Structures are given as C-alpha cells and as structure tokens.
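Source file: final-v6.tsv; contents: TSV, C-alpha atoms.
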```
chain	number	residue	atom	x	y	z
A	1	MET	CA	56.98	50.17	14.44
A	2	ILE	CA	53.91	51.62	12.66
A	3	ARG	CA	53.00	48.19	11.26
A	4	ILE	CA	53.34	46.58	14.70
A	5	GLY	CA	51.17	49.31	16.31
A	6	MET	CA	48.43	48.93	13.70
A	7	GLY	CA	48.50	45.15	14.13
A	8	VAL	CA	48.11	45.45	17.89
A	9	LEU	CA	45.19	47.88	17.47
A	10	ALA	CA	43.42	45.62	14.97
A	11	ALA	CA	43.91	42.56	17.15
A	12	GLY	CA	42.49	44.48	20.14
A	13	VAL	CA	39.36	45.51	18.21
A	14	LEU	CA	38.83	41.97	16.97
A	15	ALA	CA	39.25	40.55	20.46
A	16	ALA	CA	36.72	43.01	21.88
A	17	GLY	CA	34.24	42.23	19.11
A	18	SER	CA	34.68	38.49	19.66
A	19	ALA	CA	33.95	38.85	23.37
A	20	ALA	CA	30.85	40.99	22.68
A	21	ALA	CA	29.51	38.35	20.31
A	22	GLN	CA	29.49	35.60	22.93
A	23	PRO	CA	26.04	34.35	24.03
A	24	VAL	CA	24.78	35.71	27.34
A	25	SER	CA	25.88	33.37	30.12
A	26	GLY	CA	24.73	33.94	33.68
A	27	LEU	CA	23.06	36.92	35.31
A	28	TYR	CA	22.08	40.03	33.38
A	29	VAL	CA	19.94	43.15	33.86
A	30	GLY	CA	18.18	45.28	31.30
A	31	ALA	CA	16.00	48.37	30.94
A	32	GLY	CA	14.26	50.16	28.10
A	33	VAL	CA	11.98	53.09	27.36
A	34	GLY	CA	10.00	54.21	24.32
A	35	GLY	CA	6.64	54.81	22.67
A	36	ASN	CA	3.49	52.81	23.28
A	37	TYR	CA	0.36	52.70	21.11
A	38	ARG	CA	-2.85	51.30	22.58
A	39	GLU	CA	-5.31	49.83	20.10
A	40	ALA	CA	-8.91	51.11	20.13
A	41	THR	CA	-10.84	49.42	22.92
A	42	LEU	CA	-13.87	47.54	21.66
A	43	GLY	CA	-16.81	46.24	23.66
A	44	GLU	CA	-19.65	43.89	22.84
A	45	ASN	CA	-21.02	46.39	20.30
A	46	PRO	CA	-18.32	47.10	17.66
A	47	ARG	CA	-19.96	50.50	16.98
A	48	ASN	CA	-18.84	51.63	20.44
A	49	ARG	CA	-15.16	52.31	21.04
A	50	PHE	CA	-12.53	54.51	22.62
A	51	ASN	CA	-9.44	55.59	20.66
A	52	TRP	CA	-6.07	56.21	22.30
A	53	GLY	CA	-3.03	58.25	21.38
A	54	TRP	CA	0.61	57.31	21.62
A	55	GLY	CA	1.86	57.17	25.18
A	56	TRP	CA	5.08	55.97	26.73
A	57	ALA	CA	6.32	52.69	28.10
A	58	ALA	CA	9.21	51.55	30.29
A	59	VAL	CA	10.50	48.08	31.16
A	60	GLY	CA	13.07	46.65	33.56
A	61	SER	CA	14.27	43.06	33.68
A	62	LEU	CA	16.48	40.63	35.58
A	63	GLY	CA	17.45	37.47	33.74
A	64	TRP	CA	19.73	34.51	33.23
A	65	GLY	CA	21.48	33.39	30.05
A	66	PHE	CA	22.38	29.73	29.49
A	67	GLY	CA	25.33	30.40	27.17
A	68	ASN	CA	23.64	28.70	24.19
A	69	GLY	CA	21.40	31.53	22.96
A	70	PHE	CA	18.52	30.85	25.34
A	71	ARG	CA	17.60	33.32	28.11
A	72	VAL	CA	14.85	33.62	30.70
A	73	GLU	CA	13.94	36.70	32.72
A	74	GLY	CA	11.47	38.38	35.01
A	75	GLU	CA	10.17	41.76	33.87
A	76	VAL	CA	8.30	44.77	35.24
A	77	SER	CA	6.69	47.13	32.71
A	78	TYR	CA	4.61	50.33	32.78
A	79	ARG	CA	2.41	51.88	30.08
A	80	ASP	CA	0.37	55.09	29.96
A	81	ASN	CA	-2.13	56.29	27.33
A	82	GLN	CA	-4.55	59.21	26.94
A	83	ALA	CA	-7.98	58.96	25.28
A	84	THR	CA	-8.12	60.86	21.97
A	85	GLY	CA	-11.53	59.94	20.53
A	86	ALA	CA	-14.59	57.72	20.78
A	87	LEU	CA	-17.63	56.44	18.91
A	88	ARG	CA	-21.07	55.44	20.16
A	89	ASP	CA	-23.40	53.98	17.56
A	90	GLY	CA	-21.22	55.66	14.95
A	91	VAL	CA	-21.51	59.14	16.55
A	92	ARG	CA	-18.38	61.00	17.61
A	93	PRO	CA	-18.35	62.72	21.00
A	94	PHE	CA	-18.16	66.44	21.63
A	95	VAL	CA	-15.58	66.01	24.40
A	96	VAL	CA	-13.48	62.96	25.30
A	97	GLY	CA	-10.78	62.42	27.91
A	98	GLY	CA	-9.20	60.10	30.41
A	99	THR	CA	-6.09	58.04	31.08
A	100	VAL	CA	-5.34	54.32	31.28
A	101	ARG	CA	-2.28	53.20	33.23
A	102	GLN	CA	-0.95	49.66	33.13
A	103	LEU	CA	1.59	47.62	35.06
A	104	GLY	CA	2.87	44.25	33.83
A	105	LEU	CA	4.64	41.51	35.79
A	106	MET	CA	5.94	39.04	33.19
A	107	ALA	CA	8.07	35.92	32.84
A	108	ASN	CA	9.84	35.89	29.45
A	109	ALA	CA	11.88	33.41	27.41
A	110	PHE	CA	14.21	34.46	24.55
A	111	TYR	CA	16.42	33.01	21.86
A	112	ASP	CA	19.42	35.01	20.59
A	113	LEU	CA	20.85	34.43	17.10
A	114	SER	CA	24.32	36.00	17.02
A	115	LEU	CA	25.53	37.30	13.64
A	116	GLY	CA	28.95	38.22	14.98
A	117	ASP	CA	30.44	41.44	13.59
A	118	PRO	CA	29.22	41.47	9.95
A	119	LEU	CA	30.15	45.14	9.38
A	120	GLY	CA	33.67	44.86	10.79
A	121	THR	CA	33.10	47.70	13.26
A	122	GLY	CA	33.75	45.73	16.46
A	123	ILE	CA	30.02	45.89	17.28
A	124	SER	CA	28.30	42.51	17.30
A	125	ILE	CA	24.73	42.20	16.03
A	126	THR	CA	22.35	39.73	17.69
A	127	PRO	CA	18.69	39.51	16.64
A	128	TYR	CA	16.40	37.89	19.19
A	129	VAL	CA	12.81	36.75	19.61
A	130	GLY	CA	10.86	36.09	22.77
A	131	ALA	CA	7.50	35.60	24.40
A	132	GLY	CA	6.12	36.08	27.88
A	133	VAL	CA	3.15	35.48	30.15
A	134	GLY	CA	2.17	37.00	33.46
A	135	ALA	CA	-0.24	39.40	35.14
A	136	GLY	CA	-1.36	42.83	33.98
A	137	TRP	CA	-2.84	45.58	36.16
A	138	VAL	CA	-5.12	48.05	34.37
A	139	GLN	CA	-6.34	51.33	35.88
A	140	GLY	CA	-8.74	53.75	34.19
A	141	ARG	CA	-8.95	57.37	35.42
A	142	ASN	CA	-11.58	59.90	34.34
A	143	VAL	CA	-12.39	58.08	31.08
A	144	ARG	CA	-15.51	59.74	29.69
A	145	ALA	CA	-17.14	61.05	26.51
A	146	THR	CA	-19.82	63.76	26.12
A	147	PHE	CA	-21.89	63.76	22.93
A	148	PRO	CA	-23.47	66.70	21.01
A	149	ASN	CA	-27.03	65.61	21.95
A	150	GLY	CA	-26.20	65.69	25.66
A	151	GLY	CA	-25.41	61.99	25.87
A	152	LEU	CA	-22.71	60.80	28.24
A	153	PHE	CA	-20.58	57.73	28.76
A	154	ALA	CA	-18.31	57.69	31.81
A	155	VAL	CA	-16.23	54.83	33.23
A	156	ASP	CA	-15.71	54.49	36.96
A	157	ASN	CA	-12.19	55.06	38.25
A	158	SER	CA	-11.16	51.49	38.99
A	159	SER	CA	-8.34	49.00	38.59
A	160	GLY	CA	-7.82	45.26	38.43
A	161	TRP	CA	-5.47	42.42	37.51
A	162	ASN	CA	-5.80	40.06	34.56
A	163	PHE	CA	-3.81	37.46	32.62
A	164	ALA	CA	-1.25	39.13	30.29
A	165	TYR	CA	0.87	37.89	27.39
A	166	GLN	CA	3.36	39.36	24.92
A	167	ALA	CA	5.53	38.68	21.87
A	168	ILE	CA	8.93	40.36	21.45
A	169	GLY	CA	11.37	40.85	18.60
A	170	GLY	CA	14.55	42.90	18.71
A	171	VAL	CA	18.22	43.40	17.93
A	172	ALA	CA	21.08	43.77	20.42
A	173	PHE	CA	24.22	45.67	19.44
A	174	GLY	CA	27.19	44.53	21.51
A	175	LEU	CA	29.26	47.39	22.95
A	176	GLY	CA	31.92	45.16	24.46
A	177	GLN	CA	34.75	47.24	23.00
A	178	PHE	CA	33.64	50.00	25.38
A	179	VAL	CA	32.21	48.03	28.34
A	180	PRO	CA	32.41	44.21	28.32
A	181	GLY	CA	28.91	42.77	28.68
A	182	LEU	CA	27.06	45.94	27.63
A	183	SER	CA	24.59	45.92	24.72
A	184	LEU	CA	22.28	48.48	23.15
A	185	THR	CA	18.85	46.96	22.45
A	186	THR	CA	16.07	48.01	20.09
A	187	GLU	CA	12.84	46.05	20.08
A	188	TYR	CA	9.15	45.79	19.26
A	189	ARG	CA	6.63	44.36	21.72
A	190	TYR	CA	3.03	43.29	21.34
A	191	TYR	CA	1.48	43.27	24.82
A	192	ALA	CA	-2.11	42.40	25.70
A	193	THR	CA	-4.35	41.16	28.49
A	194	LEU	CA	-7.60	39.28	28.47
A	195	ASP	CA	-10.60	41.59	28.11
A	196	ALA	CA	-10.71	44.15	30.93
A	197	GLU	CA	-13.89	44.62	32.94
A	198	TYR	CA	-15.43	48.07	33.42
A	199	LYS	CA	-18.37	49.71	35.18
A	200	GLY	CA	-19.78	53.13	34.49
A	201	ALA	CA	-22.71	55.38	33.64
A	202	ASN	CA	-24.45	55.89	30.30
A	203	ARG	CA	-26.91	58.59	29.21
A	204	ASN	CA	-28.35	58.40	25.70
A	205	THR	CA	-29.42	62.08	25.46
A	206	GLY	CA	-29.49	65.15	27.68
A	207	ALA	CA	-33.19	64.49	28.33
A	208	THR	CA	-32.69	61.01	29.81
A	209	ALA	CA	-31.38	59.95	33.19
A	210	PRO	CA	-28.03	58.08	33.33
A	211	THR	CA	-28.09	54.33	33.86
A	212	ARG	CA	-25.44	52.01	35.25
A	213	VAL	CA	-23.63	49.83	32.71
A	214	ALA	CA	-20.93	47.15	32.88
A	215	GLY	CA	-19.03	45.02	30.40
A	216	GLU	CA	-15.63	44.06	29.01
A	217	VAL	CA	-13.30	45.74	26.52
A	218	THR	CA	-10.20	44.66	24.60
A	219	ASN	CA	-6.73	45.69	25.75
A	220	ALA	CA	-3.74	45.44	23.38
A	221	HIS	CA	-0.57	47.50	22.88
A	222	HIS	CA	2.28	47.99	20.40
A	223	SER	CA	5.54	49.32	21.88
A	224	VAL	CA	8.87	50.35	20.33
A	225	LEU	CA	11.69	50.51	22.89
A	226	VAL	CA	15.37	51.40	23.10
A	227	GLY	CA	17.42	50.21	26.06
A	228	LEU	CA	20.59	48.81	27.55
A	229	ARG	CA	21.44	45.31	28.77
A	230	TYR	CA	24.40	44.35	30.91
A	231	ALA	CA	25.64	40.75	31.31
A	232	PHE	CA	27.73	40.29	34.44
A	233	ASN	CA	29.59	37.13	33.43
A	234	THR	CA	31.22	38.51	30.27
A	235	PRO	CA	35.00	37.95	30.18
A	236	THR	CA	37.26	40.95	29.65
A	237	PRO	CA	39.17	40.65	26.34
A	238	ALA	CA	42.75	39.56	26.84
A	239	PRO	CA	45.44	42.07	25.73
A	240	ALA	CA	46.61	41.44	22.18
A	241	PRO	CA	50.14	40.04	21.90
A	242	ALA	CA	52.79	42.42	20.61
```
This entry written out as structure tokens:
Amino acid sequence: MIRIGMGVLAAGVLAAGSAAAQPVSGLYVGAGVGGNYREATLGENPRNRFNWGWGWAAVGSLGWGFGNGFRVEGEVSYRDNQATGALRDGVRPFVVGGTVRQLGLMANAFYDLSLGDPLGTGISITPYVGAGVGAGWVQGRNVRATFPNGGLFAVDNSSGWNFAYQAIGGVAFGLGQFVPGLSLTTEYRYYATLDAEYKGANRNTGATAPTRVAGEVTNAHHSVLVGLRYAFNTPTPAPAPA
C-alpha cells in the first residue's frame, strides 16, 4: 500500500509539472512590479545633466500565446523617478529636486524556450526574450537645480508623448502544481523613448536675469521586475492512475 501511494504521488507531481511546462496557448494576463533606474539625462552639452535615483515601475499585460513558444501582447507600464543630482558646466548644484513620471503603451512579441523541470521539483523553468514598440508619455514636475553662485536651471512642468521601444529578458517558473496556468516571472527590461523635449528657465549667476531655454534630453530606463502570469487555456492535469 505504501509503494502504491508513493507511486500515485510521484505520478501526480510529474503530471502537474508536465502541464506547467506546456507552451502558452491562447489568452493570458500578466502583471509585475519592481525597481526602475533612470539613466542620467543628457542634453546637447554633455557637461550638463540631471542624475536620477532608483524609483519604481509597474506593468500589466494582456496577450495571446500561439502554442509554439511565440507570444504577443499589449502592455501598460508606469515609471517614477526622483532627481538626485545635476551638473552644469561641471559644477554641482547646491539644491536639486523634481520628479519624472512616465506611462508606456507598448506592443510586445516574445519567444519562450521551455527547459521543462530540470530540478525535478515539479516547477518548470522557461527563459524568454522579447521586444516591444509603442508610445511613451513623459511628465516632468518641479525639476530644478540651484547652484552655489546663485545660478538656476528650472524645467517647466509639462508632458508629452513620444515613440518608445524596449528589450526584455526573463524567466518564468511554472506553478501548475498549485494553480494550472500560473507562473512566477522575473525579468529585466530596457525601456527608452526618443529624446524628450523640454522648456525652462536658466540663470547663470545670481546677478543675471533668467532666460528662456529649450532643447531635448535622453530618456532611458533599466527595470527589474517580479510578477505573475496566468494562461487561461492550460489543461488541468488528469488524475494519476492507481
């Protein structure tokens, strides 16, 4: 009886792992959250820049798997970063602050490479790579720097849309033995838009009047996310025979 019970248990775990390892077929949804690092924004003069700290990012997606490793999806993402430093002609500011918020509407394509259950735990491992294009909305709020000599650089509170693109690499861990179709995802994303336009005011020293300025700056991000994905069309493992 003990041998039969252990055999049934092992067969059940193997069946669940096999189902979790199947390529995504049909409709699925996903969501993730994590840390987001914005690269220093550079303008026409490389001696002028704003530096940004780690912020947070969140993504949500609705997609379709073709059952052969390929997937496509639509995605909404949000990113938020605070200014932490700046340079103007090599001089650091006395005070710096401001926030940049970003919204992305992307169309992504992925390829999944299933490794099955290499550790024998009933959890399938599926690395994947992807890329996406779409539109990115960028909003700057209270971005400014005050320099020791009384100089000032302040960007107008404004927002706008631009072309966006991203590259994605990650690993999905199938949790089909708990919930058929459920996977834990961990991934890295490089997200960027074309150079973002800005307008603002510049004052070289405390003794000079501010002048209006305008230009373009770079906009690129590195994000590390953890999330969940659920595929609706995943078959429930059949009970193991006695």
Within 8 Å of region 105-113 of chain A, counting all atoms listed in the file, which residues show up once you throw out same-chain ones fewer than 2 positions away? Write them as a PyMOL selection string, please.
chain A and resi 23+69-77+103+115+126-136+164-165
Output as a Markdown table one row per residue of region 173-194 of chain A within 12 Å of region 198-217 of chain A: the closest atom pair and its distance in Å to one decimal place, counting all atoms listed in the file, sorted by chain and residue number ascending.
```
| residue | atom | partner | partner_atom | distance |
| --- | --- | --- | --- | --- |
| A:Ala192 | CA | A:Val217 | CA | 11.7 |
| A:Thr193 | CA | A:Val217 | CA | 10.2 |
| A:Leu194 | CA | A:Val217 | CA | 8.8 |
```
Saved selection, atoms kept: C-alpha atoms, as an mmCIF file, keeping the file's coordinate frame:
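And here is the file that came out, part-v5.cif:
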```cif
data_model
loop_
_atom_site.group_PDB
_atom_site.id
_atom_site.type_symbol
_atom_site.label_atom_id
_atom_site.label_comp_id
_atom_site.auth_asym_id
_atom_site.auth_seq_id
_atom_site.Cartn_x
_atom_site.Cartn_y
_atom_site.Cartn_z
ATOM 1 C CA ALA A 192 -2.110 42.400 25.700
ATOM 2 C CA THR A 193 -4.350 41.160 28.490
ATOM 3 C CA LEU A 194 -7.600 39.280 28.470
#
```
For Leu182 (chain A), work out the shell of residues within 8 Å, counting all atoms listed in the file and skipping chain neighbours fewer than 5 positions away, then give it as a list in words.
Ala20, Gly174, Leu175, Gly176, Leu228, Arg229, Tyr230 and Ala231 of chain A
For Gly65 (chain A), please output as a count of residues only all residues within 6 Å (counting all atoms listed in the file; exclusion window: fewer than 2 positions along the same chain).
5
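Checking A:Glu187, A:Ala86, A:His221, A:Gly116 one by one against Ala154 (chain A), counting all atoms listed in the file, you find the shortest gap at A:Ala86.
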How many Å lie between CA of Arg141 (chain A) and CA of Arg101 (chain A), rounded to one decimal?
8.2 Å
If you measure from CA of Gly140 (chain A) to CA of Glu44 (chain A), what distance in Å do you get, rounded to one decimal?
18.6 Å
